[in-house]
>>> print(open('my_file.cif').read())   # mmCIF, C-alpha atoms
data_structure
#
loop_
_atom_site.label_atom_id
_atom_site.label_comp_id
_atom_site.auth_asym_id
_atom_site.auth_seq_id
_atom_site.Cartn_x
_atom_site.Cartn_y
_atom_site.Cartn_z
CA MET A 1300 123.93 -13.13 117.55
CA SER A 1301 121.55 -15.73 119.07
CA LYS A 1302 122.26 -19.49 119.17
CA PRO A 1303 122.32 -21.74 116.08
CA LEU A 1304 118.83 -22.74 114.95
CA VAL A 1305 117.67 -26.17 113.74
CA ALA A 1306 114.27 -26.31 111.99
CA ILE A 1307 112.25 -29.55 112.03
CA VAL A 1308 110.00 -29.79 108.95
CA GLY A 1309 108.03 -32.37 107.01
CA ARG A 1310 104.53 -33.29 105.92
CA PRO A 1311 101.80 -33.73 108.59
CA ASN A 1312 101.84 -36.58 111.12
CA VAL A 1313 105.37 -37.92 110.60
CA GLY A 1314 106.31 -37.32 114.26
CA LYS A 1315 107.98 -33.88 114.13
CA SER A 1316 106.58 -32.70 117.49
CA LEU A 1317 107.45 -35.98 119.22
CA LEU A 1318 111.02 -35.69 117.91
CA PHE A 1319 111.13 -32.03 119.03
CA ASN A 1320 110.05 -33.04 122.57
CA LYS A 1321 112.60 -35.88 122.65
CA LEU A 1322 115.48 -33.60 121.61
CA THR A 1323 114.57 -30.78 124.02
CA GLY A 1324 113.78 -33.16 126.88
CA LYS A 1325 110.47 -31.38 127.55
CA ARG A 1326 106.85 -31.87 126.52
CA THR A 1327 106.69 -28.42 124.96
CA ALA A 1328 104.92 -29.24 121.70
CA ILE A 1329 101.46 -30.78 121.80
CA VAL A 1330 101.55 -34.35 120.51
CA GLU A 1331 98.31 -35.91 119.26
CA ASP A 1332 97.71 -38.49 116.54
CA THR A 1333 95.84 -35.92 114.43
CA PRO A 1334 97.27 -34.00 111.45
CA GLY A 1335 97.46 -30.24 111.92
CA VAL A 1336 97.84 -30.13 115.72
CA THR A 1337 101.00 -28.00 115.52
CA ARG A 1338 100.23 -24.77 113.68
CA ASP A 1339 102.76 -22.11 114.66
CA ARG A 1340 106.52 -22.22 115.15
CA ILE A 1341 107.48 -23.57 118.58
CA TYR A 1342 111.00 -23.02 119.91
CA GLY A 1343 113.02 -25.02 122.41
CA ASP A 1344 116.61 -25.21 123.67
CA CYS A 1345 118.97 -28.14 123.25
CA ASP A 1346 122.65 -28.97 123.70
CA TRP A 1347 124.86 -31.62 122.12
CA ASN A 1348 128.61 -32.22 122.46
CA GLY A 1349 129.06 -28.89 124.26
CA ARG A 1350 127.11 -26.81 121.73
CA ASP A 1351 123.96 -24.97 122.83
CA PHE A 1352 121.40 -24.39 120.10
CA SER A 1353 117.70 -23.79 119.50
CA ILE A 1354 115.22 -26.08 117.77
CA VAL A 1355 112.01 -24.95 116.07
CA ASP A 1356 109.06 -27.29 115.49
CA THR A 1357 106.76 -26.42 112.59
CA GLY A 1358 103.32 -27.41 111.37
CA GLY A 1359 103.05 -30.09 108.73
CA ILE A 1360 103.71 -28.76 105.21
CA GLU A 1361 101.03 -29.44 102.62
CA PRO A 1362 102.68 -28.06 99.44
CA LYS A 1363 99.44 -28.15 97.42
CA THR A 1364 96.37 -27.03 99.36
CA ASP A 1365 93.56 -24.50 99.17
CA ASP A 1366 92.81 -24.72 102.90
CA GLU A 1367 93.48 -21.31 104.52
CA MET A 1368 94.81 -22.75 107.81
CA LEU A 1369 97.17 -25.16 106.00
CA GLN A 1370 98.43 -22.25 103.88
CA PHE A 1371 99.15 -20.31 107.10
CA MET A 1372 101.00 -23.32 108.50
CA ARG A 1373 103.11 -23.62 105.36
CA ARG A 1374 103.99 -19.91 105.59
CA GLN A 1375 105.14 -20.40 109.21
CA ALA A 1376 107.31 -23.34 108.12
CA GLU A 1377 108.83 -21.26 105.29
CA ILE A 1378 109.79 -18.51 107.77
CA ALA A 1379 111.43 -21.14 110.03
CA ILE A 1380 113.36 -22.55 107.06
CA ALA A 1381 114.57 -19.06 106.07
CA SER A 1382 115.93 -18.32 109.57
CA ALA A 1383 117.46 -21.77 110.31
CA HIS A 1384 121.12 -22.75 110.06
CA VAL A 1385 120.23 -26.45 109.53
CA ILE A 1386 116.97 -28.12 108.48
CA VAL A 1387 115.91 -31.57 109.63
CA MET A 1388 113.37 -33.11 107.25
CA VAL A 1389 111.35 -35.86 108.94
CA CYS A 1390 109.76 -38.73 106.98
CA ASP A 1391 107.77 -41.77 108.16
CA ILE A 1392 109.12 -45.24 107.33
CA ARG A 1393 105.70 -46.83 107.94
CA THR A 1394 103.98 -44.89 105.16
CA GLY A 1395 107.07 -44.93 102.94
CA LEU A 1396 108.11 -42.23 100.48
CA THR A 1397 105.12 -40.15 99.35
CA ALA A 1398 104.54 -37.48 96.71
CA ALA A 1399 104.16 -34.92 99.54
CA ASP A 1400 107.64 -35.90 100.84
CA SER A 1401 109.08 -35.28 97.38
CA ASP A 1402 107.37 -31.86 97.19
CA VAL A 1403 108.74 -30.85 100.62
CA ALA A 1404 112.24 -32.05 99.63
CA SER A 1405 112.13 -29.95 96.44
CA MET A 1406 111.15 -26.90 98.50
CA LEU A 1407 114.10 -27.50 100.87
CA LEU A 1408 116.58 -27.95 98.01
CA ARG A 1409 115.50 -24.56 96.64
CA SER A 1410 116.29 -22.96 100.02
CA LYS A 1411 120.03 -23.78 99.56
CA LYS A 1412 120.23 -24.60 103.30
CA PRO A 1413 121.97 -27.71 104.76
CA VAL A 1414 119.34 -30.47 105.12
CA VAL A 1415 119.60 -33.58 107.32
CA LEU A 1416 117.13 -36.34 106.44
CA ALA A 1417 115.58 -38.20 109.42
CA VAL A 1418 113.39 -41.24 108.78
CA ASN A 1419 111.21 -41.62 111.87
CA LYS A 1420 109.41 -44.59 113.47
CA CYS A 1421 112.38 -46.95 113.03
CA ASP A 1422 111.54 -48.31 116.48
CA SER A 1423 113.21 -51.75 116.36
CA VAL A 1424 116.82 -52.15 117.50
CA GLY A 1425 119.30 -54.07 115.37
CA SER A 1426 119.14 -54.51 111.62
CA ILE A 1427 118.19 -51.52 109.48
CA ASP A 1428 114.79 -51.68 107.81
CA ALA A 1429 115.36 -52.15 104.07
CA ASP A 1430 112.53 -49.70 103.34
CA ILE A 1431 114.81 -46.84 104.39
CA TYR A 1432 116.75 -47.02 101.10
CA GLU A 1433 113.87 -45.64 99.06
CA PHE A 1434 114.37 -42.26 100.80
CA TYR A 1435 117.64 -41.81 98.88
CA GLY A 1436 115.30 -40.84 96.04
CA LEU A 1437 114.70 -37.45 97.72
CA GLY A 1438 118.22 -36.34 96.81
CA LEU A 1439 119.00 -35.17 100.37
CA GLY A 1440 121.88 -37.53 101.11
CA ASP A 1441 122.01 -40.42 103.59
CA PRO A 1442 118.77 -40.97 105.52
CA ILE A 1443 119.27 -41.35 109.29
CA PRO A 1444 116.94 -43.88 110.98
CA VAL A 1445 115.48 -42.46 114.20
CA SER A 1446 112.79 -43.30 116.74
CA ALA A 1447 111.21 -40.21 118.29
CA VAL A 1448 109.41 -42.50 120.77
CA HIS A 1449 112.49 -44.34 122.09
CA GLY A 1450 115.26 -41.88 121.15
CA HIS A 1451 117.15 -44.33 118.90
CA GLY A 1452 119.32 -42.57 116.32
CA THR A 1453 118.90 -39.06 117.77
CA GLY A 1454 122.60 -38.88 118.63
CA ASP A 1455 123.59 -39.60 115.02
CA LEU A 1456 121.03 -37.01 113.90
CA LEU A 1457 122.47 -34.31 116.19
CA ASP A 1458 126.05 -35.19 115.21
CA GLU A 1459 125.11 -34.46 111.60
CA CYS A 1460 123.35 -31.18 112.52
CA VAL A 1461 126.27 -29.84 114.59
CA LYS A 1462 128.60 -30.22 111.58
CA TYR A 1463 126.77 -27.34 109.89
CA PHE A 1464 126.80 -24.88 112.83
CA PRO A 1465 128.77 -21.62 112.48
CA PRO A 1466 131.85 -21.21 114.77
CA GLU A 1467 130.95 -20.94 118.46
CA GLU A 1468 132.63 -17.53 118.91
CA GLU A 1469 129.94 -15.94 116.70
CA PHE A 1470 127.33 -16.48 119.41
CA GLU A 1471 126.80 -14.62 122.66
CA ASP A 1472 124.94 -15.26 125.91
CA ASP A 1473 121.41 -13.90 126.36
CA ASP A 1474 120.80 -14.11 130.14
CA ASP A 1475 119.52 -10.50 130.18
CA VAL A 1476 116.40 -11.40 128.17
CA ILE A 1477 113.06 -10.50 129.82
CA LYS A 1478 110.50 -13.28 129.29
CA VAL A 1479 107.05 -11.83 128.55
CA ALA A 1480 103.92 -14.06 128.48
CA VAL A 1481 100.95 -12.68 126.52
CA ILE A 1482 97.85 -14.19 128.16
CA GLY A 1483 94.09 -13.82 128.00
CA LYS A 1484 90.91 -15.51 126.85
CA PRO A 1485 90.47 -16.46 123.15
CA ASN A 1486 90.27 -13.75 120.47
CA VAL A 1487 91.42 -10.76 122.53
CA GLY A 1488 94.28 -10.09 120.08
CA LYS A 1489 97.28 -11.82 121.68
CA SER A 1490 98.73 -13.11 118.40
CA SER A 1491 97.94 -9.81 116.63
CA LEU A 1492 99.93 -7.94 119.30
CA VAL A 1493 102.95 -10.26 118.93
CA ASN A 1494 102.83 -9.86 115.15
CA LYS A 1495 102.57 -6.05 115.41
CA ILE A 1496 105.60 -5.93 117.74
CA LEU A 1497 107.67 -8.17 115.46
CA GLY A 1498 106.54 -6.59 112.22
CA GLU A 1499 105.91 -10.00 110.64
CA GLN A 1500 103.24 -12.71 110.50
CA ARG A 1501 105.02 -14.61 113.29
CA VAL A 1502 101.86 -16.19 114.66
CA ILE A 1503 98.78 -17.33 112.75
CA VAL A 1504 95.93 -14.83 113.26
CA SER A 1505 92.35 -15.83 112.54
CA ASN A 1506 88.88 -14.91 113.80
CA VAL A 1507 88.43 -18.59 114.63
CA ALA A 1508 88.81 -18.96 118.40
CA GLY A 1509 91.50 -21.52 119.30
CA THR A 1510 93.77 -20.87 116.30
CA THR A 1511 96.82 -20.67 118.60
CA ARG A 1512 97.30 -23.93 120.50
CA ASP A 1513 100.88 -24.00 121.79
CA ALA A 1514 102.81 -21.43 123.81
CA ILE A 1515 105.01 -19.88 121.12
CA ASP A 1516 108.38 -18.29 121.93
CA THR A 1517 109.77 -15.41 119.88
CA ARG A 1518 112.97 -13.47 120.59
CA PHE A 1519 112.94 -9.75 119.91
CA GLU A 1520 115.48 -6.97 120.39
CA ASN A 1521 115.16 -3.19 120.11
CA GLU A 1522 116.56 -0.05 121.72
CA HIS A 1523 114.65 -0.85 124.94
CA GLY A 1524 116.29 -4.26 125.48
CA SER A 1525 116.06 -7.98 124.69
CA TYR A 1526 112.78 -9.86 125.10
CA LEU A 1527 111.33 -13.33 124.70
CA PHE A 1528 107.63 -13.02 123.87
CA ILE A 1529 105.51 -16.09 124.69
CA ASP A 1530 102.21 -16.05 122.81
CA THR A 1531 99.74 -18.42 124.48
CA ALA A 1532 96.50 -20.12 123.54
CA GLY A 1533 93.38 -18.35 124.80
CA MET A 1534 92.16 -19.96 128.02
CA ARG A 1535 88.51 -21.01 127.86
CA LYS A 1536 86.19 -21.87 130.73
CA LYS A 1537 86.65 -25.46 131.85
CA SER A 1538 83.05 -26.25 130.88
CA LYS A 1539 83.89 -25.37 127.25
CA VAL A 1540 87.13 -27.35 127.07
CA ASP A 1541 85.89 -30.62 125.57
CA ASP A 1542 88.84 -31.22 123.26
CA GLN A 1543 91.97 -33.10 124.38
CA ILE A 1544 94.16 -30.68 122.38
CA GLU A 1545 92.57 -27.66 124.11
CA ARG A 1546 93.25 -29.19 127.53
CA TYR A 1547 96.92 -29.38 126.53
CA SER A 1548 96.72 -25.73 125.37
CA ASN A 1549 95.39 -24.54 128.72
CA LEU A 1550 98.19 -26.43 130.48
CA ARG A 1551 100.75 -24.79 128.16
CA THR A 1552 99.39 -21.35 129.12
CA THR A 1553 99.84 -22.13 132.82
CA MET A 1554 103.40 -23.34 132.16
CA ALA A 1555 104.12 -20.19 130.10
CA ILE A 1556 103.05 -18.02 133.03
CA GLU A 1557 105.34 -19.98 135.36
CA ARG A 1558 108.45 -19.43 133.22
CA SER A 1559 107.77 -15.77 132.42
CA ASP A 1560 109.08 -12.65 134.16
CA VAL A 1561 106.25 -10.33 133.06
CA CYS A 1562 102.64 -11.14 132.06
CA LEU A 1563 100.65 -8.98 129.63
CA ILE A 1564 97.01 -9.61 130.57
CA MET A 1565 94.98 -8.86 127.45
CA ILE A 1566 91.41 -7.51 127.85
CA ASP A 1567 88.95 -6.85 125.01
CA ALA A 1568 87.84 -3.19 125.22
CA ASN A 1569 84.47 -4.08 123.69
CA GLU A 1570 83.67 -6.64 126.39
CA GLY A 1571 85.39 -5.20 129.45
CA VAL A 1572 86.56 -7.48 132.27
CA THR A 1573 84.74 -10.82 132.10
CA GLU A 1574 84.71 -13.68 134.60
CA GLN A 1575 87.23 -15.57 132.48
CA ASP A 1576 89.54 -12.53 132.43
CA THR A 1577 89.59 -12.54 136.25
CA LYS A 1578 90.56 -16.23 136.27
CA VAL A 1579 93.39 -15.79 133.75
CA ALA A 1580 94.72 -12.71 135.59
CA GLY A 1581 94.43 -14.62 138.86
CA LEU A 1582 96.87 -17.25 137.58
CA ALA A 1583 99.51 -14.58 136.96
CA HIS A 1584 98.80 -12.94 140.34
CA GLU A 1585 99.06 -16.26 142.23
CA ALA A 1586 102.29 -17.10 140.38
CA GLY A 1587 103.76 -13.81 141.67
CA LYS A 1588 104.50 -12.40 138.22
CA ALA A 1589 104.91 -8.73 137.35
CA CYS A 1590 101.78 -7.76 135.39
CA ILE A 1591 100.52 -5.17 132.93
CA ILE A 1592 96.80 -5.03 132.08
CA VAL A 1593 96.57 -4.37 128.34
CA VAL A 1594 93.15 -3.19 127.08
CA ASN A 1595 93.17 -4.04 123.37
CA LYS A 1596 90.92 -2.96 120.45
CA TRP A 1597 90.79 0.60 121.83
CA ASP A 1598 90.48 1.88 118.27
CA SER A 1599 86.98 0.32 118.01
CA ILE A 1600 85.57 2.26 121.00
CA GLU A 1601 83.65 5.53 120.60
CA LYS A 1602 85.28 7.98 122.96
CA ASP A 1603 84.80 11.27 124.73
CA GLY A 1604 87.00 13.02 127.30
CA LYS A 1605 86.05 10.56 130.10
CA THR A 1606 85.94 7.22 128.27
CA MET A 1607 89.44 6.10 129.27
CA ASP A 1608 88.98 7.05 132.94
CA ILE A 1609 85.64 5.21 133.08
CA MET A 1610 87.13 2.08 131.49
CA ARG A 1611 90.17 2.20 133.79
CA GLU A 1612 87.85 2.32 136.82
CA LYS A 1613 85.85 -0.66 135.48
CA VAL A 1614 89.09 -2.62 135.00
CA ARG A 1615 90.15 -1.76 138.55
CA GLN A 1616 86.81 -2.98 139.88
CA GLY A 1617 86.87 -6.18 137.81
CA LEU A 1618 90.45 -6.99 138.84
CA SER A 1619 90.26 -5.57 142.36
CA TYR A 1620 92.91 -7.97 143.71
CA MET A 1621 95.62 -6.52 141.46
CA THR A 1622 95.31 -2.74 141.77
CA TYR A 1623 99.12 -2.63 141.65
CA ALA A 1624 99.16 -3.44 137.90
CA PRO A 1625 99.36 -0.50 135.44
CA VAL A 1626 96.66 -0.31 132.74
CA LEU A 1627 97.57 0.48 129.11
CA PHE A 1628 95.04 1.08 126.31
CA ILE A 1629 96.28 -0.09 122.90
CA SER A 1630 95.26 -1.22 119.44
CA ALA A 1631 97.22 -4.20 118.14
CA LEU A 1632 95.59 -3.56 114.74
CA THR A 1633 96.79 0.04 114.29
CA GLY A 1634 99.81 -0.08 116.63
CA GLN A 1635 98.42 2.67 118.91
CA ARG A 1636 100.55 2.88 122.10
CA VAL A 1637 102.20 -0.50 121.41
CA GLU A 1638 105.62 1.16 121.67
CA ARG A 1639 104.77 2.21 125.25
CA LEU A 1640 104.65 -1.46 126.22
CA PHE A 1641 108.44 -1.79 126.26
CA GLU A 1642 108.92 1.02 128.79
CA LEU A 1643 106.25 -0.54 131.01
CA ILE A 1644 107.69 -4.06 130.68
CA ASN A 1645 111.13 -2.81 131.74
CA TYR A 1646 109.60 -0.75 134.56
CA VAL A 1647 107.49 -3.52 136.17
CA TYR A 1648 110.37 -6.01 135.72
CA ASP A 1649 112.71 -3.65 137.60
CA GLN A 1650 110.06 -3.07 140.27
CA SER A 1651 109.61 -6.82 140.83
CA SER A 1652 113.43 -7.17 141.07
CA MET A 1653 113.82 -4.38 143.65
CA ARG A 1654 115.78 -5.09 146.85
CA ILE A 1655 115.12 -2.99 149.94
CA THR A 1656 117.57 -2.90 152.85
CA THR A 1657 116.38 -4.14 156.24
CA GLY A 1658 117.11 -0.73 157.76
CA MET A 1659 114.86 1.12 155.30
CA LEU A 1660 112.10 -1.48 155.70
CA ASN A 1661 112.10 -1.15 159.47
CA ASN A 1662 111.94 2.64 159.28
CA VAL A 1663 108.74 2.25 157.26
CA LEU A 1664 107.47 -0.42 159.69
CA ALA A 1665 108.11 1.80 162.74
CA ASP A 1666 106.31 4.72 161.11
CA ALA A 1667 103.36 2.50 160.08
CA THR A 1668 102.87 0.98 163.54
CA ALA A 1669 103.09 4.43 165.13
CA ARG A 1670 100.35 5.77 162.83
CA VAL A 1671 97.99 2.81 163.24
CA GLN A 1672 98.30 0.76 166.40
CA PRO A 1673 98.61 -3.02 165.86
CA PRO A 1674 95.40 -4.92 166.70
CA THR A 1675 94.55 -6.51 170.06
CA ASP A 1676 92.56 -9.59 171.01
CA LYS A 1677 91.34 -10.33 174.56
CA GLY A 1678 93.73 -7.78 175.98
CA ARG A 1679 96.79 -9.11 174.12
CA ARG A 1680 98.32 -6.69 171.61
CA LEU A 1681 100.26 -7.60 168.49
CA LYS A 1682 103.91 -6.57 168.62
CA VAL A 1683 105.78 -6.37 165.31
CA TYR A 1684 109.52 -6.70 165.98
CA TYR A 1685 111.12 -6.28 162.59
CA MET A 1686 110.86 -7.06 158.89
CA THR A 1687 113.36 -8.19 156.25
CA GLN A 1688 113.28 -8.96 152.51
CA THR A 1689 114.05 -12.57 151.59
CA GLY A 1690 113.55 -12.66 147.80
CA ILE A 1691 112.64 -10.93 144.55
CA ARG A 1692 110.32 -11.56 141.57
CA PRO A 1693 108.08 -11.08 143.41
CA PRO A 1694 109.45 -9.18 146.44
CA ASN A 1695 109.19 -11.48 149.48
CA PHE A 1696 109.13 -10.10 153.03
CA VAL A 1697 109.22 -11.84 156.41
CA CYS A 1698 107.63 -10.08 159.40
CA PHE A 1699 108.55 -11.22 162.94
CA CYS A 1700 106.01 -10.70 165.72
CA ASN A 1701 104.94 -11.96 169.16
CA ASP A 1702 101.82 -13.84 167.96
CA ALA A 1703 101.07 -14.68 164.31
CA LYS A 1704 97.35 -15.19 165.10
CA LEU A 1705 97.04 -11.51 166.05
CA PHE A 1706 98.51 -10.38 162.71
CA HIS A 1707 95.16 -10.01 160.97
CA PHE A 1708 94.95 -9.98 157.15
CA SER A 1709 93.70 -6.38 157.16
CA TYR A 1710 96.78 -5.24 159.11
CA GLN A 1711 99.04 -7.13 156.69
CA ARG A 1712 97.35 -5.28 153.83
CA TYR A 1713 97.93 -1.98 155.68
CA ILE A 1714 101.66 -2.73 156.08
CA GLU A 1715 101.87 -3.74 152.41
CA ASN A 1716 100.22 -0.47 151.35
CA GLN A 1717 102.70 1.51 153.45
CA ILE A 1718 105.62 -0.30 151.77
CA ARG A 1719 104.14 0.45 148.34
CA ALA A 1720 103.56 4.11 149.28
CA VAL A 1721 107.29 4.53 150.03
CA PHE A 1722 109.03 2.19 147.56
CA GLY A 1723 106.50 1.94 144.69
CA LEU A 1724 106.68 -1.75 143.70
CA GLU A 1725 104.20 -0.96 140.93
CA GLY A 1726 103.20 -3.82 138.67
CA THR A 1727 104.28 -6.59 141.04
CA PRO A 1728 102.49 -8.56 143.76
CA ILE A 1729 104.08 -8.72 147.22
CA ARG A 1730 104.53 -11.88 149.29
CA MET A 1731 104.49 -11.48 153.06
CA VAL A 1732 105.26 -14.28 155.54
CA ILE A 1733 104.41 -13.83 159.21
CA ARG A 1734 106.68 -15.51 161.78
CA GLN A 1735 106.28 -15.35 165.52
CA LYS A 1736 109.05 -15.30 168.10
CA GLY A 1737 110.30 -18.81 168.75
CA ASP A 1738 109.58 -20.14 165.23
CA ASN A 1739 112.42 -22.25 163.91
CA GLU A 1740 111.85 -21.16 160.34
#
>>> encode(input="my_file.cif", output="structure tokens")
Amino acid sequence: MSKPLVAIVGRPNVGKSLLFNKLTGKRTAIVEDTPGVTRDRIYGDCDWNGRDFSIVDTGGIEPKTDDEMLQFMRRQAEIAIASAHVIVMVCDIRTGLTAADSDVASMLLRSKKPVVLAVNKCDSVGSIDADIYEFYGLGLGDPIPVSAVHGHGTGDLLDECVKYFPPEEEFEDDDDVIKVAVIGKPNVGKSSLVNKILGEQRVIVSNVAGTTRDAIDTRFENEHGSYLFIDTAGMRKKSKVDDQIERYSNLRTTMAIERSDVCLIMIDANEGVTEQDTKVAGLAHEAGKACIIVVNKWDSIEKDGKTMDIMREKVRQGLSYMTYAPVLFISALTGQRVERLFELINYVYDQSSMRITTGMLNNVLADATARVQPPTDKGRRLKVYYMTQTGIRPPNFVCFCNDAKLFHFSYQRYIENQIRAVFGLEGTPIRMVIRQKGDNE
């Protein structure tokens, strides 16, 4: 069983995301003084008094609305409420008790879950604002004054939440989880793929580009293993990012790549590899992440016996710097080949975690240098003494030689190809550091 879950809910613009960031100690959720910035469920980790637990931030609940996006946001909040052990309802002392607050409170009372009432924006220290007493009218017990900006009252809030957690022995560690970032430009089907894998409307899906704004974490377990899927906002060209919220979204995508183990690089089969695709894939490559190139919307392509081979070759040409990454053709809409993803994720993760003994590496090195002589310059020949592996994810190698300047990039690429030919290392970039004799490091 995973860790206890606390859901933060409330009407729009009461400071839920700011409180979420304060409790997790990270700027995970986008905070902007605009209603509707948070749309999906965003998860974070927290600990209090020796208990580890998860917190989920939700979009503002508008109980009565005809707006399609607000209805989606409410549905996401309802799912969070259903899966939470404790619910924190956030209100705003500056606006006072509103009809929308009463509607949200009624919805929470129907859920039969423990609810802790937090009244936010109580920023002054000292006497309690008398306006807080009107929130007793919600029927949710004692309101706790908090300041998401300064952190006042958050300890009392967490004390109250921990009271409702199940016994600690019911929970187990999840260090074996593979973190998978789903990345790509807008509208390639990232959220549709996550929803298809989970079998639920976990992430809001819309034809409107930019629907997903945050990097959204979702845990998933099946017979292949345990995974944490991170659905990201589509990364636009910088020239098209004229919105402060979208700039935050692009930054979240970069951060999601950094904390992932495997990146699924989504490509639209109808468009092929675009310039923006190469930039997004380049971020994963430079970060040294294991990668799978996922060509989505394959069901919408007219095919003959050579269509897949032709498309694979075009992908290889468009992403020529990452020929190591396997290519999988799927349809997130129909589920075609989606199940194959798990085998590939496990495979490239294992490949990026591979350790090779120094003895085996140097056998390959000796064979490679015997086949193709190291380069010379002005009568001086490169001598490669030995090689050793210094790290994993990605595999890092250090090569010792007589003169680093003679170790040309093309010869490095040759040595890398020889290592791949023997050991595989499919789906992962390789890092190679050249050191010459006499270097201290």
>>> resolve_selection(input="my_file.cif", expression="the PyMOL selection byres ((chain A and resi 1451-1459) around 9)", output="PDB file with C-alpha atoms, keeping the file's coordinate frame")
ATOM      1  CA  LEU A1318     111.020 -35.690 117.910  1.00  0.00           C
ATOM      2  CA  LYS A1321     112.600 -35.880 122.650  1.00  0.00           C
ATOM      3  CA  LEU A1322     115.480 -33.600 121.610  1.00  0.00           C
ATOM      4  CA  TRP A1347     124.860 -31.620 122.120  1.00  0.00           C
ATOM      5  CA  ASN A1348     128.610 -32.220 122.460  1.00  0.00           C
ATOM      6  CA  VAL A1387     115.910 -31.570 109.630  1.00  0.00           C
ATOM      7  CA  VAL A1415     119.600 -33.580 107.320  1.00  0.00           C
ATOM      8  CA  LEU A1416     117.130 -36.340 106.440  1.00  0.00           C
ATOM      9  CA  ALA A1417     115.580 -38.200 109.420  1.00  0.00           C
ATOM     10  CA  CYS A1421     112.380 -46.950 113.030  1.00  0.00           C
ATOM     11  CA  ASP A1422     111.540 -48.310 116.480  1.00  0.00           C
ATOM     12  CA  SER A1423     113.210 -51.750 116.360  1.00  0.00           C
ATOM     13  CA  VAL A1424     116.820 -52.150 117.500  1.00  0.00           C
ATOM     14  CA  ILE A1443     119.270 -41.350 109.290  1.00  0.00           C
ATOM     15  CA  PRO A1444     116.940 -43.880 110.980  1.00  0.00           C
ATOM     16  CA  VAL A1445     115.480 -42.460 114.200  1.00  0.00           C
ATOM     17  CA  SER A1446     112.790 -43.300 116.740  1.00  0.00           C
ATOM     18  CA  ALA A1447     111.210 -40.210 118.290  1.00  0.00           C
ATOM     19  CA  VAL A1448     109.410 -42.500 120.770  1.00  0.00           C
ATOM     20  CA  HIS A1449     112.490 -44.340 122.090  1.00  0.00           C
ATOM     21  CA  GLY A1450     115.260 -41.880 121.150  1.00  0.00           C
ATOM     22  CA  CYS A1460     123.350 -31.180 112.520  1.00  0.00           C
ATOM     23  CA  VAL A1461     126.270 -29.840 114.590  1.00  0.00           C
ATOM     24  CA  LYS A1462     128.600 -30.220 111.580  1.00  0.00           C
ATOM     25  CA  TYR A1463     126.770 -27.340 109.890  1.00  0.00           C
TER      26      TYR A1463
END
>>> residues_around(input="my_file.cif", residues="Ala1586 (chain A)", least_positions_apart="4", cutoff="8 Å", atoms="all atoms listed in the file", output="ChimeraX atom specification")
/A:1556-1557,1582
>>> residues_around(input="my_file.cif", residues="region 1522-1524 of chain A", least_positions_apart="6", cutoff="8 Å", atoms="all atoms listed in the file", output="list in words")
Val1476, Phe1641, Glu1642 and Asn1645 of chain A
>>> resolve_selection(input="my_file.cif", expression="the PyMOL selection byres ((chain A and resi 1314) around 10)", output="MDAnalysis selection string")
chainID A and resid 1308:1313 1315:1319 1330:1332 1359 1389:1391 1418:1420 1446:1448
>>> closest_residue(input="my_file.cif", among="A:Asp1430, A:Asp1649, A:Asp1344, A:Asp1702", to="Tyr1684 (chain A)", atoms="all atoms listed in the file")
A:Asp1702
>>> closest_residue(input="my_file.cif", among="A:Thr1323, A:Thr1727, A:Ser1525, A:Ser1426", to="Tyr1646 (chain A)", atoms="only C-alpha atoms")
A:Thr1727
>>> resolve_selection(input="my_file.cif", expression="the PyMOL selection byres ((chain A and resi 1396-1400) around 10)", output="PyMOL selection string")
chain A and resi 1309-1311+1360-1363+1388-1395+1401-1406+1418+1430-1437
>>> residues_around(input="my_file.cif", residues="region 1374-1384 of chain A", least_positions_apart="4", cutoff="6 Å", atoms="only C-alpha atoms", output="PyMOL selection string")
chain A and resi 1304-1306+1357
>>> residues_around(input="my_file.cif", residues="His1707 (chain A)", least_positions_apart="2", cutoff="12 Å", atoms="all atoms listed in the file", output="list in words")
Pro1673, Pro1674, Thr1675, Asp1676, Arg1680, Leu1681, Cys1700, Asp1702, Ala1703, Lys1704, Leu1705, Ser1709, Tyr1710, Gln1711, Arg1712, Tyr1713, Ile1714 and Ile1733 of chain A
>>> residues_near_point(input="my_file.cif", point="(113.6, -16.4, 121.3)", cutoff="9 Å", atoms="only C-alpha atoms", output="PDB file with C-alpha atoms, in the coordinates of the input")
ATOM      1  CA  SER A1301     121.550 -15.730 119.070  1.00  0.00           C
ATOM      2  CA  TYR A1342     111.000 -23.020 119.910  1.00  0.00           C
ATOM      3  CA  GLY A1343     113.020 -25.020 122.410  1.00  0.00           C
ATOM      4  CA  SER A1353     117.700 -23.790 119.500  1.00  0.00           C
ATOM      5  CA  VAL A1476     116.400 -11.400 128.170  1.00  0.00           C
ATOM      6  CA  ASP A1516     108.380 -18.290 121.930  1.00  0.00           C
ATOM      7  CA  THR A1517     109.770 -15.410 119.880  1.00  0.00           C
ATOM      8  CA  ARG A1518     112.970 -13.470 120.590  1.00  0.00           C
ATOM      9  CA  PHE A1519     112.940  -9.750 119.910  1.00  0.00           C
ATOM     10  CA  TYR A1526     112.780  -9.860 125.100  1.00  0.00           C
ATOM     11  CA  LEU A1527     111.330 -13.330 124.700  1.00  0.00           C
ATOM     12  CA  PHE A1528     107.630 -13.020 123.870  1.00  0.00           C
ATOM     13  CA  ILE A1529     105.510 -16.090 124.690  1.00  0.00           C
TER      14      ILE A1529
END
>>> closest_residue(input="my_file.cif", among="A:Gly1440, A:Pro1485, A:Pro1303, A:Gly1690", to="Pro1466 (chain A)", atoms="all atoms listed in the file")
A:Pro1303
>>> atom_distance(input="my_file.cif", atom1="CA of Ala1667 (chain A)", atom2="CA of Gln1717 (chain A)")
6.7 Å
